[in-house]
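Let me begin by presenting the structure, written as structure tokens, before commenting on it.
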Amino acid sequence: MTSTRGRVAALLGAVAVVAGTTLATPAVGFAATAGPARVGGITGQAPCPDAPEFSCGTLTVPFDHSGATPGTLDLEVAVTGNTTAPKGDLLFLTGGPGQPGVPAIKRMAGKLEPVLKDYHLVMYDQRGTGRGALQCPGLQEDMGSSDLALPRKQSIADCAAALGPNARHYSTADTVADIDLLRRALGDRRLTLDGVSYGSFVAERYALAHPAHVARLVLDSVVPQQGFDPLDLAALPASARVLRAACQATGCTTDPAADLAATVRRYGNGAQILSALTGYEFIDPNYGGVPEILHEAAAGQPAKLQDFFDLVRRQVDTASAEELSQGLHSAALCADSRFPWGTTDTPVAGRAAALERTRQRLTAEQTWPYDPATATGLGSLLVCLDWPREQVPSAPSDHRKLPDVPVLLLGGDRDLSTPYEVLYQQAELAHDPQIVIVPGAAHSVQNRAANPAGRQAVYDFLLK
């Protein structure tokens, strides 16, 4: 939550282990066998192939939780061995949407090691991810692990055609229903949920749907429960704050925010710049060299800026569907989100006009140091602009509070993927939130921040 934001197959690692699909009416990317939905516990448990100190098994869930469409999905689950941990199950939720969870079990167990005497760590491959990833080759090539990279119209059309009407069964509501079946398979206990980026959104939506089944929540790099803003109106002004803070930390002598604004005015490439900046934070949260690049571009010398775009694409944004599925990413965001035209249940014919009316109403104050065209020209929004009309799941009320359980909200002050402004927005919907903003940290604080303060805050919170 891309926004639904998860821009990073690189966030947690890796290559998925096993996930399968059993459907009555398959689309491209699905392995299909017709059959009724048969749901049970976690089956076939054995040492994980790439991490034998953990146990991997399969959770079988209905493809369509309403029962209208027959078939099942097999979701791979990985767990630590301490099944009798005194504080129960800790489900770690990865980002995207589109990242698998099982390949990250070893890495995250290392990050969470101080709490694993007390918690049984669980990770799983969300439907449509990992080896069972939804496959959209053109869109994967265009966007990789990015939310914001600009897709070709043909890639969008090809992906929508490949997934067909089954795409609507890959929403966050479906994932929430899968998680509750996972909870039952683990022993019908309350879950402690630790979600990063899009995983924080899944955790919030699960807590709203099943408040009695949640013990506590860790929300890292927070996507608010209303979903990602397709116009990114928090990240646009946050770019000025983040770049100026990074500039001060590195001793640069220019004003990168003013240079960014001048560059966007000169070249009209705001969406491309924002996409590159939100990728580069995974390379360097101090944005080293970026102020100088923007200063030259503002003065009419864009060669280094183009090199910067190419660098981010090569080192961050390139990802296979097994690492971060753009098919799943698109299906989930288009099903979950509200856009200037409404939801994806709005007829396609009127969406572009509604988006243009929104662009005309946006002010410089809302979008500076970018422009209104940046807000209405971001990749995930453009995917959903042309996504076929479909029935979408209902969403909780914007102002409904999370259940009255302990909630830790964790963010980095250099994060442009999920800037801390939206963290504070979500905190208003928690009963007694604990907020930790880590200086110098970008997206995915627990996993990537050099400053250990965020991880220590998680340990302290979970062990209370």
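Going by the structure tokens order, chains are called A, B, ..., each with residues numbered from 1, while ligands are numbered from 1 in the order shown.
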
Checklist entry - Using only C-alpha atoms, which residues sit within 12 Å of Gln360 (chain A) once same-chain residues fewer than 6 positions away are excluded, as a ChimeraX atom specification? => result /A:340,353-354,371-373,375-376

Write the residues you've just listed into a file as a compact mmCIF listing (two decimals), in the first residue's frame, and include all heavy atoms for each of them.
# COMPACT_ATOMS: atom_id res chain seq x y z
N PRO A 340 -10.91 9.76 -7.01
CA PRO A 340 -11.69 10.96 -7.35
C PRO A 340 -13.00 10.64 -8.07
O PRO A 340 -13.94 11.44 -8.01
CB PRO A 340 -10.73 11.74 -8.24
CG PRO A 340 -9.36 11.37 -7.75
CD PRO A 340 -9.49 9.91 -7.39
N ALA A 353 -12.90 12.14 -16.66
CA ALA A 353 -13.44 13.49 -16.47
C ALA A 353 -13.46 13.86 -15.00
O ALA A 353 -13.15 15.01 -14.62
CB ALA A 353 -14.85 13.57 -17.06
N ALA A 354 -13.81 12.91 -14.13
CA ALA A 354 -13.80 13.18 -12.70
C ALA A 354 -12.39 13.46 -12.20
O ALA A 354 -12.18 14.34 -11.35
CB ALA A 354 -14.41 12.00 -11.95
N ASP A 371 3.14 19.68 -8.48
CA ASP A 371 2.03 20.40 -9.07
C ASP A 371 0.80 19.49 -9.09
O ASP A 371 0.91 18.28 -8.83
CB ASP A 371 2.37 20.91 -10.48
CG ASP A 371 2.78 19.79 -11.44
OD1 ASP A 371 2.64 18.60 -11.08
OD2 ASP A 371 3.24 20.10 -12.55
N PRO A 372 -0.38 20.03 -9.37
CA PRO A 372 -1.57 19.18 -9.37
C PRO A 372 -1.48 18.00 -10.33
O PRO A 372 -2.04 16.92 -10.05
CB PRO A 372 -2.69 20.15 -9.75
CG PRO A 372 -2.23 21.46 -9.21
CD PRO A 372 -0.75 21.47 -9.45
N ALA A 373 -0.79 18.18 -11.46
CA ALA A 373 -0.66 17.08 -12.42
C ALA A 373 0.12 15.90 -11.84
O ALA A 373 -0.08 14.76 -12.25
CB ALA A 373 0.01 17.56 -13.70
N ALA A 375 -0.16 14.85 -8.69
CA ALA A 375 -1.12 14.11 -7.86
C ALA A 375 -2.04 13.24 -8.69
O ALA A 375 -2.43 12.14 -8.26
CB ALA A 375 -1.94 15.09 -7.02
N THR A 376 -2.41 13.69 -9.87
CA THR A 376 -3.35 12.93 -10.70
C THR A 376 -2.65 12.07 -11.75
O THR A 376 -3.31 11.49 -12.61
CB THR A 376 -4.33 13.88 -11.39
OG1 THR A 376 -3.61 14.84 -12.18
CG2 THR A 376 -5.19 14.62 -10.36

Item to check | Which of region 139-281 of chain A DSSP labels alpha helix (DSSP H), written as a ChimeraX atom specification | outcome: /A:139-143,153-163,172-186,198-209,235-250,256-267,270-280

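Of note, CA of Val405 (chain A) and CA of Asn82 (chain A) are spaced 24.1 Å apart.
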
Next on the checklist: Please determine, counting only C-alpha atoms, which residue among A:Ala177, A:Ala449, A:Ala240, A:Val422 has the shortest atom-to-atom distance to Phe228 (chain A).
Outcome noted: A:Val422

Find the spatial neighbours of Tyr170 (chain A), counting only C-alpha atoms, within a cut-off of 7 Å - ignore same-chain residues fewer than 4 positions away - and output them as a compact mmCIF listing (two decimals) with N, CA, C and O atoms, in the first residue's frame.
# COMPACT_ATOMS: atom_id res chain seq x y z
N ARG A 127 -2.94 -14.47 -0.31
CA ARG A 127 -3.45 -14.96 -1.60
C ARG A 127 -2.92 -14.09 -2.74
O ARG A 127 -2.88 -12.86 -2.66
N ASP A 174 -10.86 -10.11 1.49
CA ASP A 174 -10.60 -11.54 1.34
C ASP A 174 -9.42 -11.98 2.19
O ASP A 174 -9.44 -13.05 2.81
N LEU A 328 -1.48 -8.83 -8.15
CA LEU A 328 -2.16 -8.76 -6.85
C LEU A 328 -2.24 -7.32 -6.37
O LEU A 328 -3.27 -6.88 -5.85
N ALA A 331 -5.04 -5.61 -8.29
CA ALA A 331 -6.36 -6.14 -7.94
C ALA A 331 -6.78 -5.67 -6.56
O ALA A 331 -7.94 -5.27 -6.35
N ALA A 332 -5.86 -5.69 -5.60
CA ALA A 332 -6.21 -5.29 -4.24
C ALA A 332 -6.47 -3.79 -4.14
O ALA A 332 -7.48 -3.36 -3.57

Checklist entry - If you run DSSP on the backbone, which residues of region 1-201 of chain A are strand (DSSP E or B), as a PyMOL selection string? => result chain A and resi 20-23+42-48+51-62+71-79+89-93+120-124+191-196
